[in-house]
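**Student:** I am sharing structure26.tsv, which consists of TSV, C-alpha atoms:
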chain	number	residue	atom	x	y	z
A	1	THR	CA	0.00	0.00	0.00
A	2	ASN	CA	2.78	2.40	0.87
A	3	ARG	CA	4.46	1.56	-2.42
A	4	LYS	CA	1.27	2.48	-4.36
A	5	ILE	CA	1.01	5.82	-2.56
A	6	ILE	CA	4.64	6.67	-3.40
A	7	ASP	CA	4.12	5.73	-7.09
A	8	ALA	CA	0.98	7.88	-7.26
A	9	LYS	CA	2.82	10.92	-5.87
A	10	GLN	CA	5.68	10.44	-8.32
A	11	HIS	CA	3.25	10.21	-11.24
A	12	HIS	CA	1.56	13.48	-10.14
A	13	GLU	CA	4.94	15.28	-9.99
A	14	ASP	CA	5.96	13.99	-13.44
A	15	CYS	CA	2.76	15.41	-14.98
A	16	SER	CA	4.02	19.02	-15.07
A	17	ASP	CA	1.97	22.00	-16.26
A	18	SER	CA	3.75	22.01	-19.60
A	19	ASP	CA	2.55	18.49	-20.28
A	20	MET	CA	-1.09	19.03	-19.34
A	21	PRO	CA	-3.73	20.87	-21.41
A	22	LYS	CA	-4.19	24.48	-20.25
A	23	SER	CA	-7.54	25.89	-19.36
A	24	THR	CA	-9.18	28.41	-21.69
A	25	SER	CA	-8.59	31.26	-19.23
A	26	THR	CA	-4.90	30.40	-18.92
A	27	LEU	CA	-4.50	30.34	-22.69
A	28	LYS	CA	-6.15	33.76	-23.02
A	29	LEU	CA	-3.89	35.25	-20.36
A	30	ASP	CA	-0.77	33.87	-22.07
A	31	GLU	CA	-1.95	35.12	-25.47
A	32	GLN	CA	-2.66	38.62	-24.13
A	33	SER	CA	0.75	38.69	-22.43
A	34	THR	CA	2.41	37.85	-25.76
A	35	ILE	CA	0.42	40.56	-27.58
A	36	ASP	CA	1.30	43.16	-24.94
A	37	LYS	CA	4.96	42.22	-25.15
A	38	ASP	CA	4.95	42.47	-28.95
A	39	ALA	CA	3.07	45.77	-28.89
A	40	SER	CA	5.65	47.30	-26.59
A	41	ASN	CA	8.32	46.62	-29.23
A	42	ILE	CA	6.39	48.15	-32.14
A	43	LYS	CA	7.31	51.70	-33.12
A	44	PRO	CA	4.72	54.07	-34.58
A	45	SER	CA	4.30	53.31	-38.28
A	46	GLU	CA	4.90	56.93	-39.26
A	47	PRO	CA	5.99	59.01	-36.25
A	48	SER	CA	5.12	62.69	-36.19
A	49	ILE	CA	7.83	65.35	-36.13
A	50	HIS	CA	5.57	68.28	-35.26
A	51	ASN	CA	3.03	67.92	-32.44
A	52	ILE	CA	-0.50	68.70	-33.61
A	53	SER	CA	-2.31	67.64	-30.45
A	54	TYR	CA	-3.31	71.27	-29.88
A	55	LEU	CA	-5.82	70.95	-32.72
A	56	PRO	CA	-9.41	69.81	-32.06
A	57	SER	CA	-9.68	66.04	-32.40
A	58	SER	CA	-12.06	66.44	-35.36
A	59	LEU	CA	-9.39	68.34	-37.31
A	60	GLN	CA	-6.42	66.14	-36.50
A	61	PRO	CA	-7.12	63.55	-39.24
A	62	TYR	CA	-7.14	66.36	-41.83
A	63	ALA	CA	-3.89	67.71	-40.41
A	64	HIS	CA	-2.34	64.25	-40.71
A	65	LEU	CA	-3.68	63.92	-44.27
A	66	ALA	CA	-1.97	67.20	-45.21
A	67	ARG	CA	1.18	66.11	-43.30
A	68	LEU	CA	1.01	69.14	-41.03
A	69	ASP	CA	2.92	67.03	-38.53
A	70	LYS	CA	5.77	66.50	-41.02
A	71	PRO	CA	6.81	69.94	-42.37
A	72	ILE	CA	9.90	68.74	-44.24
A	73	GLY	CA	7.87	68.13	-47.41
A	74	THR	CA	6.71	71.75	-47.47
A	75	MET	CA	10.31	72.93	-47.17
A	76	LEU	CA	11.49	70.67	-49.99
A	77	LEU	CA	8.78	72.11	-52.23
A	78	LEU	CA	9.56	75.68	-51.15
A	79	HIS	CA	13.34	75.74	-51.59
A	80	PRO	CA	13.45	75.73	-55.43
A	81	CYS	CA	10.98	78.65	-55.37
A	82	LEU	CA	13.31	80.59	-53.09
A	83	TRP	CA	16.41	79.79	-55.17
A	84	SER	CA	14.75	80.96	-58.35
A	85	THR	CA	13.30	84.10	-56.78
A	86	ALA	CA	16.67	85.10	-55.34
A	87	LEU	CA	18.41	84.57	-58.70
A	88	ALA	CA	15.65	86.43	-60.55
A	89	TYR	CA	16.46	89.49	-58.45
A	90	THR	CA	20.11	89.41	-59.53
A	91	PRO	CA	21.09	92.91	-60.73
A	92	LEU	CA	23.45	91.48	-63.35
A	93	LEU	CA	20.73	90.35	-65.75
A	94	SER	CA	20.51	92.52	-68.84
A	95	THR	CA	16.72	92.86	-68.99
A	96	SER	CA	14.38	95.64	-68.01
A	97	ALA	CA	12.54	93.27	-65.70
A	98	ALA	CA	15.82	92.49	-63.96
A	99	SER	CA	16.56	96.16	-63.48
A	100	THR	CA	13.10	96.68	-62.01
A	101	ALA	CA	13.47	93.67	-59.72
A	102	ALA	CA	16.94	94.69	-58.59
A	103	SER	CA	15.73	98.16	-57.65
A	104	ALA	CA	12.76	96.78	-55.71
A	105	SER	CA	12.83	97.02	-51.95
A	106	PRO	CA	13.87	94.06	-49.79
A	107	LEU	CA	10.28	94.13	-48.54
A	108	ALA	CA	8.95	93.22	-52.01
A	109	PHE	CA	11.37	90.29	-52.17
A	110	THR	CA	10.32	89.15	-48.69
A	111	ILE	CA	6.62	89.39	-49.54
A	112	LEU	CA	7.09	87.28	-52.67
A	113	CYS	CA	9.04	84.65	-50.73
A	114	THR	CA	6.28	84.62	-48.10
A	115	LYS	CA	3.65	84.01	-50.77
A	116	PHE	CA	5.67	81.09	-52.09
A	117	ALA	CA	5.98	79.72	-48.55
A	118	LEU	CA	2.22	79.83	-48.10
A	119	GLY	CA	1.61	78.32	-51.53
A	120	SER	CA	4.11	75.53	-50.86
A	121	PHE	CA	2.41	74.71	-47.57
A	122	ILE	CA	-1.01	74.50	-49.22
A	123	MET	CA	0.01	72.64	-52.38
A	124	ARG	CA	2.22	70.16	-50.59
A	125	GLY	CA	-0.80	69.30	-48.45
A	126	ALA	CA	-2.94	68.96	-51.57
A	127	GLY	CA	-0.36	66.67	-53.13
A	128	CYS	CA	-0.38	64.49	-50.02
A	129	THR	CA	-4.18	64.29	-50.13
A	130	ILE	CA	-4.08	63.19	-53.77
A	131	ASN	CA	-1.31	60.71	-53.02
A	132	ASP	CA	-3.25	59.11	-50.17
A	133	MET	CA	-6.49	58.96	-52.17
A	134	TRP	CA	-4.75	57.12	-54.98
A	135	ASP	CA	-2.72	54.86	-52.65
A	136	ALA	CA	-5.10	54.06	-49.79
A	137	LYS	CA	-5.35	50.35	-50.58
A	138	TYR	CA	-1.55	50.06	-50.77
A	139	ASP	CA	-0.94	52.20	-47.68
A	140	LYS	CA	-2.97	49.71	-45.63
A	141	GLN	CA	-0.36	47.07	-46.39
A	142	VAL	CA	2.80	49.13	-45.82
A	143	THR	CA	4.14	49.34	-42.28
A	144	ARG	CA	5.14	53.00	-42.50
A	145	THR	CA	1.85	54.24	-44.00
A	146	LYS	CA	-0.90	52.04	-42.60
A	147	SER	CA	-1.84	54.61	-39.94
A	148	ARG	CA	-2.60	57.38	-42.48
A	149	PRO	CA	-6.16	58.73	-42.22
A	150	LEU	CA	-7.57	57.16	-45.39
A	151	ALA	CA	-5.73	53.86	-44.93
A	152	SER	CA	-6.85	53.56	-41.31
A	153	GLY	CA	-10.43	54.69	-41.97
A	154	ALA	CA	-10.18	57.87	-39.90
A	155	LEU	CA	-11.41	59.77	-42.97
A	156	SER	CA	-13.58	58.70	-45.90
A	157	HIS	CA	-12.81	59.37	-49.55
A	158	ASN	CA	-15.72	61.81	-49.72
A	159	GLN	CA	-14.21	63.80	-46.86
A	160	ALA	CA	-10.84	63.73	-48.63
A	161	TRP	CA	-12.41	65.04	-51.85
A	162	MET	CA	-14.00	67.97	-50.03
A	163	PHE	CA	-10.75	68.72	-48.23
A	164	LEU	CA	-8.85	68.61	-51.52
A	165	GLY	CA	-11.28	71.10	-53.02
A	166	ALA	CA	-10.62	73.49	-50.14
A	167	GLN	CA	-6.87	73.05	-50.52
A	168	LEU	CA	-6.90	73.72	-54.26
A	169	THR	CA	-9.11	76.77	-53.78
A	170	ALA	CA	-6.68	78.18	-51.23
A	171	GLY	CA	-3.77	77.42	-53.57
A	172	LEU	CA	-5.53	79.25	-56.38
A	173	ALA	CA	-5.97	82.29	-54.14
A	174	VAL	CA	-2.22	82.43	-53.53
A	175	LEU	CA	-1.51	81.98	-57.23
A	176	LEU	CA	-3.82	84.85	-58.13
A	177	SER	CA	-1.88	87.12	-55.77
A	178	LEU	CA	1.34	86.85	-57.79
A	179	GLU	CA	1.26	90.28	-59.36
A	180	PRO	CA	2.37	91.86	-61.64
A	181	HIS	CA	2.68	88.75	-63.87
A	182	LEU	CA	-0.60	87.15	-62.83
A	183	LEU	CA	-1.56	85.58	-66.16
A	184	ASP	CA	1.90	84.12	-66.77
A	185	CYS	CA	2.01	82.72	-63.25
A	186	PHE	CA	-1.45	81.21	-63.67
A	187	VAL	CA	-0.47	79.47	-66.92
A	188	TRP	CA	2.74	78.04	-65.48
A	189	GLY	CA	1.08	77.09	-62.21
A	190	ALA	CA	-1.75	75.28	-63.99
A	191	ALA	CA	0.82	73.48	-66.15
A	192	SER	CA	2.16	71.73	-63.05
A	193	LEU	CA	-1.17	70.16	-62.08
A	194	PRO	CA	-0.90	67.12	-64.41
A	195	LEU	CA	2.40	66.24	-62.72
A	196	VAL	CA	0.81	66.65	-59.28
A	197	GLY	CA	-1.99	64.27	-60.18
A	198	MET	CA	0.20	61.84	-62.07
A	199	TYR	CA	3.04	61.27	-59.61
A	200	PRO	CA	1.17	59.01	-57.13
A	201	LEU	CA	0.35	56.62	-59.98
A	202	MET	CA	3.89	56.37	-61.33
A	203	LYS	CA	5.08	53.80	-58.81
A	204	ARG	CA	2.71	51.37	-60.53
A	205	TYR	CA	4.09	51.88	-64.04
A	206	THR	CA	7.71	53.07	-64.02
A	207	ASN	CA	10.88	52.08	-62.26
A	208	TYR	CA	11.69	55.78	-61.81
A	209	PRO	CA	8.76	57.39	-59.94
A	210	GLN	CA	11.26	59.58	-58.07
A	211	LEU	CA	12.13	61.23	-61.39
A	212	VAL	CA	8.50	62.27	-61.82
A	213	LEU	CA	8.50	63.53	-58.23
A	214	GLY	CA	11.59	65.60	-59.06
A	215	LEU	CA	9.88	67.17	-62.05
A	216	THR	CA	6.90	67.99	-59.83
A	217	PHE	CA	8.58	69.19	-56.65
A	218	ASN	CA	11.02	71.50	-58.42
A	219	TRP	CA	8.47	73.35	-60.55
A	220	GLY	CA	9.07	76.29	-58.23
A	221	ALA	CA	12.41	76.82	-59.98
A	222	ILE	CA	10.30	78.05	-62.91
A	223	MET	CA	7.59	79.77	-60.88
A	224	GLY	CA	9.99	81.98	-58.94
A	225	TRP	CA	11.47	83.36	-62.12
A	226	VAL	CA	8.09	83.86	-63.81
A	227	ALA	CA	6.77	85.72	-60.77
A	228	VAL	CA	9.56	88.29	-61.22
A	229	HIS	CA	10.04	88.38	-65.01
A	230	GLY	CA	6.88	86.94	-66.50
A	231	ASN	CA	7.40	84.80	-69.59
A	232	ASN	CA	10.82	86.32	-70.15
A	233	VAL	CA	12.47	83.15	-68.83
A	234	ASP	CA	16.24	82.88	-69.09
A	235	TRP	CA	16.49	79.14	-69.65
A	236	SER	CA	20.27	79.25	-69.43
A	237	VAL	CA	19.70	79.93	-65.71
A	238	VAL	CA	16.33	78.34	-65.00
A	239	GLY	CA	17.05	75.17	-66.99
A	240	PRO	CA	20.11	74.03	-64.99
A	241	LEU	CA	18.51	75.26	-61.76
A	242	TYR	CA	15.49	73.03	-62.43
A	243	ALA	CA	17.78	70.14	-63.37
A	244	SER	CA	19.78	70.56	-60.15
A	245	GLY	CA	16.57	70.26	-58.16
A	246	VAL	CA	15.50	67.13	-60.03
A	247	CYS	CA	18.87	65.52	-59.26
A	248	TRP	CA	18.54	66.59	-55.63
A	249	THR	CA	15.07	65.02	-55.36
A	250	LEU	CA	16.29	61.77	-56.89
A	251	ILE	CA	18.97	61.65	-54.19
A	252	TYR	CA	16.85	62.34	-51.13
A	253	ASP	CA	13.78	60.39	-52.25
A	254	THR	CA	15.75	57.32	-53.29
A	255	LEU	CA	17.21	57.16	-49.79
A	256	TYR	CA	13.70	57.73	-48.42
A	257	ALA	CA	12.28	54.96	-50.61
A	258	HIS	CA	14.67	52.42	-49.09
A	259	GLN	CA	12.45	52.54	-45.99
A	260	ASP	CA	9.60	50.90	-47.92
A	261	LYS	CA	11.49	48.64	-50.32
A	262	ALA	CA	10.43	45.35	-48.71
A	263	ASP	CA	6.74	46.29	-48.70
A	264	ASP	CA	6.95	47.81	-52.19
A	265	ALA	CA	8.52	44.62	-53.57
A	266	LYS	CA	5.75	42.47	-52.06
A	267	LEU	CA	3.03	44.75	-53.45
A	268	GLY	CA	4.59	44.98	-56.91
A	269	LEU	CA	5.26	48.72	-56.59
A	270	LYS	CA	8.31	50.33	-58.14
A	271	SER	CA	10.92	52.81	-56.91
A	272	THR	CA	14.48	53.89	-57.66
A	273	ALA	CA	15.48	52.21	-54.39
A	274	LEU	CA	14.48	48.87	-55.93
A	275	THR	CA	15.76	49.82	-59.39
A	276	PHE	CA	19.24	50.85	-58.23
A	277	GLY	CA	19.38	48.10	-55.59
A	278	GLU	CA	21.58	47.77	-52.54
A	279	ASP	CA	24.81	47.83	-54.52
A	280	GLY	CA	23.88	50.44	-57.09
A	281	THR	CA	22.22	53.11	-54.96
A	282	LYS	CA	25.27	54.86	-53.57
A	283	PRO	CA	27.26	54.99	-56.86
A	284	VAL	CA	24.23	56.35	-58.73
A	285	LEU	CA	23.46	58.92	-56.04
A	286	THR	CA	27.09	60.00	-55.99
A	287	ALA	CA	26.89	60.67	-59.73
A	288	LEU	CA	23.63	62.59	-59.23
A	289	THR	CA	25.31	64.69	-56.54
A	290	GLY	CA	28.03	65.58	-59.02
A	291	ALA	CA	25.37	66.49	-61.58
A	292	ALA	CA	23.51	68.71	-59.10
A	293	TRP	CA	26.74	70.48	-58.13
A	294	GLY	CA	27.67	70.98	-61.78
A	295	CYS	CA	24.25	72.49	-62.48
A	296	TRP	CA	24.55	74.86	-59.52
A	297	MET	CA	27.96	76.00	-60.74
A	298	LEU	CA	26.60	76.54	-64.25
A	299	VAL	CA	23.72	78.59	-62.87
A	300	GLY	CA	26.17	80.92	-61.15
A	301	HIS	CA	28.14	81.41	-64.35
A	302	ASN	CA	25.08	81.96	-66.53
A	303	VAL	CA	23.41	84.39	-64.16
A	304	GLY	CA	26.52	86.56	-64.24
A	305	PHE	CA	28.30	85.83	-60.97
A	306	GLY	CA	31.57	85.31	-62.86
A	307	ASP	CA	34.18	82.81	-61.75
A	308	VAL	CA	34.80	81.31	-58.32
A	309	LEU	CA	36.95	84.22	-57.15
A	310	ASP	CA	34.31	86.74	-58.17
A	311	ALA	CA	31.53	85.16	-56.13
A	312	PRO	CA	33.05	82.91	-53.45
A	313	LEU	CA	29.89	83.08	-51.32
A	314	TYR	CA	27.81	81.56	-54.09
A	315	TYR	CA	30.23	78.97	-55.42
A	316	GLY	CA	31.49	78.05	-51.97
A	317	GLY	CA	27.95	77.75	-50.65
A	318	VAL	CA	26.66	75.43	-53.35
A	319	SER	CA	29.84	73.35	-53.04
A	320	ALA	CA	29.15	72.98	-49.32
A	321	ALA	CA	25.59	71.91	-50.15
A	322	ALA	CA	26.94	69.24	-52.51
A	323	THR	CA	29.31	68.08	-49.78
A	324	HIS	CA	26.35	67.69	-47.46
A	325	LEU	CA	24.64	65.52	-50.07
A	326	LEU	CA	27.73	63.32	-50.29
A	327	TRP	CA	27.66	62.96	-46.52
A	328	GLN	CA	24.05	61.80	-46.72
A	329	VAL	CA	24.85	59.21	-49.37
A	330	TYR	CA	27.95	57.75	-47.76
A	331	THR	CA	26.65	57.61	-44.20
A	332	ALA	CA	23.24	56.24	-45.15
A	333	ASP	CA	22.40	52.81	-43.80
A	334	LEU	CA	20.04	51.52	-46.46
A	335	ASN	CA	18.43	49.08	-44.03
A	336	ASN	CA	17.97	51.43	-41.07
A	337	VAL	CA	14.70	53.36	-41.13
A	338	GLU	CA	15.72	55.93	-38.51
A	339	ASN	CA	19.06	56.59	-40.21
A	340	LEU	CA	17.34	57.19	-43.55
A	341	ALA	CA	14.63	59.40	-42.02
A	342	ARG	CA	17.25	61.65	-40.40
A	343	ARG	CA	19.11	62.08	-43.66
A	344	PHE	CA	15.89	62.82	-45.49
A	345	ARG	CA	14.99	65.59	-43.03
A	346	SER	CA	18.51	67.04	-43.23
A	347	ASN	CA	17.78	68.13	-46.81
A	348	ASN	CA	16.15	71.21	-45.34
A	349	THR	CA	19.73	72.26	-44.53
A	350	VAL	CA	20.78	71.67	-48.13
A	351	GLY	CA	17.93	73.85	-49.38
A	352	TRP	CA	18.83	76.72	-47.07
A	353	MET	CA	22.50	76.47	-48.02
A	354	VAL	CA	21.69	76.91	-51.71
A	355	PHE	CA	19.28	79.79	-50.97
A	356	ALA	CA	21.89	81.53	-48.83
A	357	SER	CA	24.37	81.07	-51.66
A	358	CYS	CA	22.03	82.76	-54.14
A	359	VAL	CA	21.39	85.68	-51.78
A	360	GLY	CA	25.08	85.93	-50.96
A	361	GLY	CA	26.02	86.07	-54.62
A	362	ASN	CA	23.59	88.95	-55.13
A	363	LEU	CA	24.80	90.87	-52.11
A	364	MET	CA	28.41	90.76	-53.27
A	365	TRP	CA	27.46	92.44	-56.54
A	366	ILE	CA	25.01	94.91	-55.03
A	367	SER	CA	27.62	96.04	-52.52
For this file, write the structure as structure tokens.

**Tutor:**
Amino acid sequence: TNRKIIDAKQHHEDCSDSDMPKSTSTLKLDEQSTIDKDASNIKPSEPSIHNISYLPSSLQPYAHLARLDKPIGTMLLLHPCLWSTALAYTPLLSTSAASTAASASPLAFTILCTKFALGSFIMRGAGCTINDMWDAKYDKQVTRTKSRPLASGALSHNQAWMFLGAQLTAGLAVLLSLEPHLLDCFVWGAASLPLVGMYPLMKRYTNYPQLVLGLTFNWGAIMGWVAVHGNNVDWSVVGPLYASGVCWTLIYDTLYAHQDKADDAKLGLKSTALTFGEDGTKPVLTALTGAAWGCWMLVGHNVGFGDVLDAPLYYGGVSAAATHLLWQVYTADLNNVENLARRFRSNNTVGWMVFASCVGGNLMWIS
């Protein structure tokens, strides 16, 4: 009898919890614990840079749709406008419009730049709305974008359409304020709209959607000049300035696109990150940096700044901007989302460096 009792106790000890079926409640607790642990390791799919919690909760989805919480896009759209406007005010141009612009007060220059800043803010938001409307079904499946208002269901497509109408109306109001060359500005501004609507679709059809983005985002290189000179466009200046911006966009947005390359590949979407690949990205972007720098140097020569010794502020400034781009390319970790996001945002510095170079080149000649 004692032997049977001992055997029974030993059998009970051998039947550990891991060997026995768990109760339903125990399973649920374990499952919830696993979910909580996983959730604590998940970073926000698209973290905000600018806090918009001060807005009413009903407006926050619209602010997210327009990327109010991520102002870098507005700055990247604005910078080519500022470059072109500054160069259009150069007193060295042999046109009557240039003479008029050069004699204008700094206040007039500041007001025009302010109008471009407001227009860039509005139209960048409109572009984001269009992008998200076209891409909602894809955004739901991409880690970085699945929390966007249309992808998450925070806003409906009807609400997005109404919001887009308000954005485009506001953008038109800014465009109609660009006196004295209102008609010319309207024609050139309207000419950019097909690119704005077309870009979000390009990742479905071409391996180079970032090229289309470059053509779109740098339209301001034309608009700034037209706002000062009307249709009297000096393409020897505006052409290479526009090309420099396109090269710049290909650089920063290819690095940016490496954040989504795994999801894009699964969804059958295209990008220059996938086209250039892990091995080809940095050599190609290095060549594009050289092309952007060469265009900036040509702009300085064609606008009348002379050689390097004549305008060291301009030529030195754009060379420093190109050096910054090289730093981005060679320190980029193509598989580190945070590393790529920081380099993307640092392009605001590049834009200001080129603008300061344009202003500095003018000041040397005015003085």

**Student:** Which residues, written as a list in words, have at least one atom at most 12 Å from Trp161 of chain A, with only C-alpha atoms counted and residues fewer than 6 positions away on the same chain left out?

**Tutor:**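 Once the nearby chain positions are removed, what remains is Tyr62, Leu65, Ala126, Thr129, Ile130, Asn131, Asp132, Met133, Trp134, Leu150, Leu155, Gln167 and Leu168 of chain A.
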
**Student:** Can you tell me which residues surround Leu178 of chain A at a distance of at most 8 Å, considering all atoms listed in the file, apart from same-chain residues fewer than 5 positions away, and format the answer as a list in words?

**Tutor:**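 Selected residues are Leu112, Lys115, Cys185 and Ala227 of chain A.
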
**Student:** Pick out the closest residue to Leu215 of chain A from this set: A:Val237, A:Ser192, A:Leu274, A:Arg345. Count all atoms listed in the file.

**Tutor:**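 The closest residue to Leu215 of chain A is A:Ser192.
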
**Student:** When you look at segment 51-58 of chain A with a cut-off of 10 Å (counting only C-alpha atoms), what residues show up, excluding the ones that are within fewer than 6 positions of it in the same chain? I need them as a ChimeraX atom specification.

**Tutor:** /A:64,68-70,154

**Student:** Fewer than 4 positions away in the same chain doesn't count, so skip those; otherwise give me all residues within 10 Å of Asp260 of chain A, counting only C-alpha atoms, as a VMD selection string.

**Tutor:** chain A and resid 142 to 145 256 264 to 265 269 271 273 to 274 335 337

**Student:** Point out the residue among A:Leu172, A:Val354, A:Cys128, A:Ala292 with the least atom-to-atom distance to Thr249 of chain A, counting only C-alpha atoms.

**Tutor:**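 Closest residue, counting only C-alpha atoms: A:Ala292.
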
**Student:** So how far away is atom CA of Asp184 of chain A from atom CA of Asn231 of chain A, in Å?

**Tutor:**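 Between these atoms lies a distance of 6.2 Å.
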
**Student:** Do you have the atom CA of Gly317 of chain A-atom CA of Leu298 of chain A distance handy?

**Tutor:**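 Between atom CA of Gly317 of chain A and atom CA of Leu298 of chain A the gap is 13.7 Å.
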
**Student:** What are the centre and edge lengths in Å, to one decimal, of the axis-aligned box around all listed atoms of segment 220-235 of chain A with 5 Å added on each side, as JSON?

**Tutor:**
{"center_x": 11.6, "center_y": 82.3, "center_z": -64.2, "size_x": 19.7, "size_y": 22.1, "size_z": 21.9}

**Student:** For atom CA of Cys247 of chain A and atom CA of Leu340 of chain A, quote the distance in Å rounded to one decimal.

**Tutor:**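 Distance between the two atoms: 17.8 Å.
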
**Student:** Go through A:Gln259, A:Thr286, A:Asp139, A:Trp83 and flag the residue nearest Asn218 of chain A, using all atoms listed in the file for the distances.

**Tutor:**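 Closest to Asn218 of chain A, using all atoms listed in the file: A:Trp83.
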
**Student:** Env of Ala311 of chain A: 9 Å cut, atoms = all atoms listed in the file, seq-sep filter 2 positions within chain, self excluded. Answer as a list of chain:residue names.

**Tutor:**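 The neighbour list is A:Gly300, A:Phe305, A:Gly306, A:Asp307, A:Val308, A:Leu309, A:Leu313, A:Tyr314, A:Tyr315, A:Gly316, A:Gly360, A:Gly361, A:Asn362, A:Met364, A:Trp365.
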
**Student:** Could you check the closest approach to Thr272 of chain A for each of A:Leu211, A:Val350, A:Leu193, A:Val233 and tell me which residue wins, using all atoms listed in the file?

**Tutor:**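 Using all atoms listed in the file, the shortest distance to Thr272 of chain A belongs to A:Leu211.
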
**Student:** From the options A:Pro200, A:Gly230, A:Gly280, A:Gly119, which residue's atoms come nearest to Glu179 of chain A, counting only C-alpha atoms?

**Tutor:**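 Of all the options, A:Gly230 lies closest to Glu179 of chain A.
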
**Student:** Of the candidates A:Ala160, A:Arg343, A:Pro283, A:Leu241, which one gets nearest to Asn302 of chain A if we count only C-alpha atoms?

**Tutor:** A:Leu241
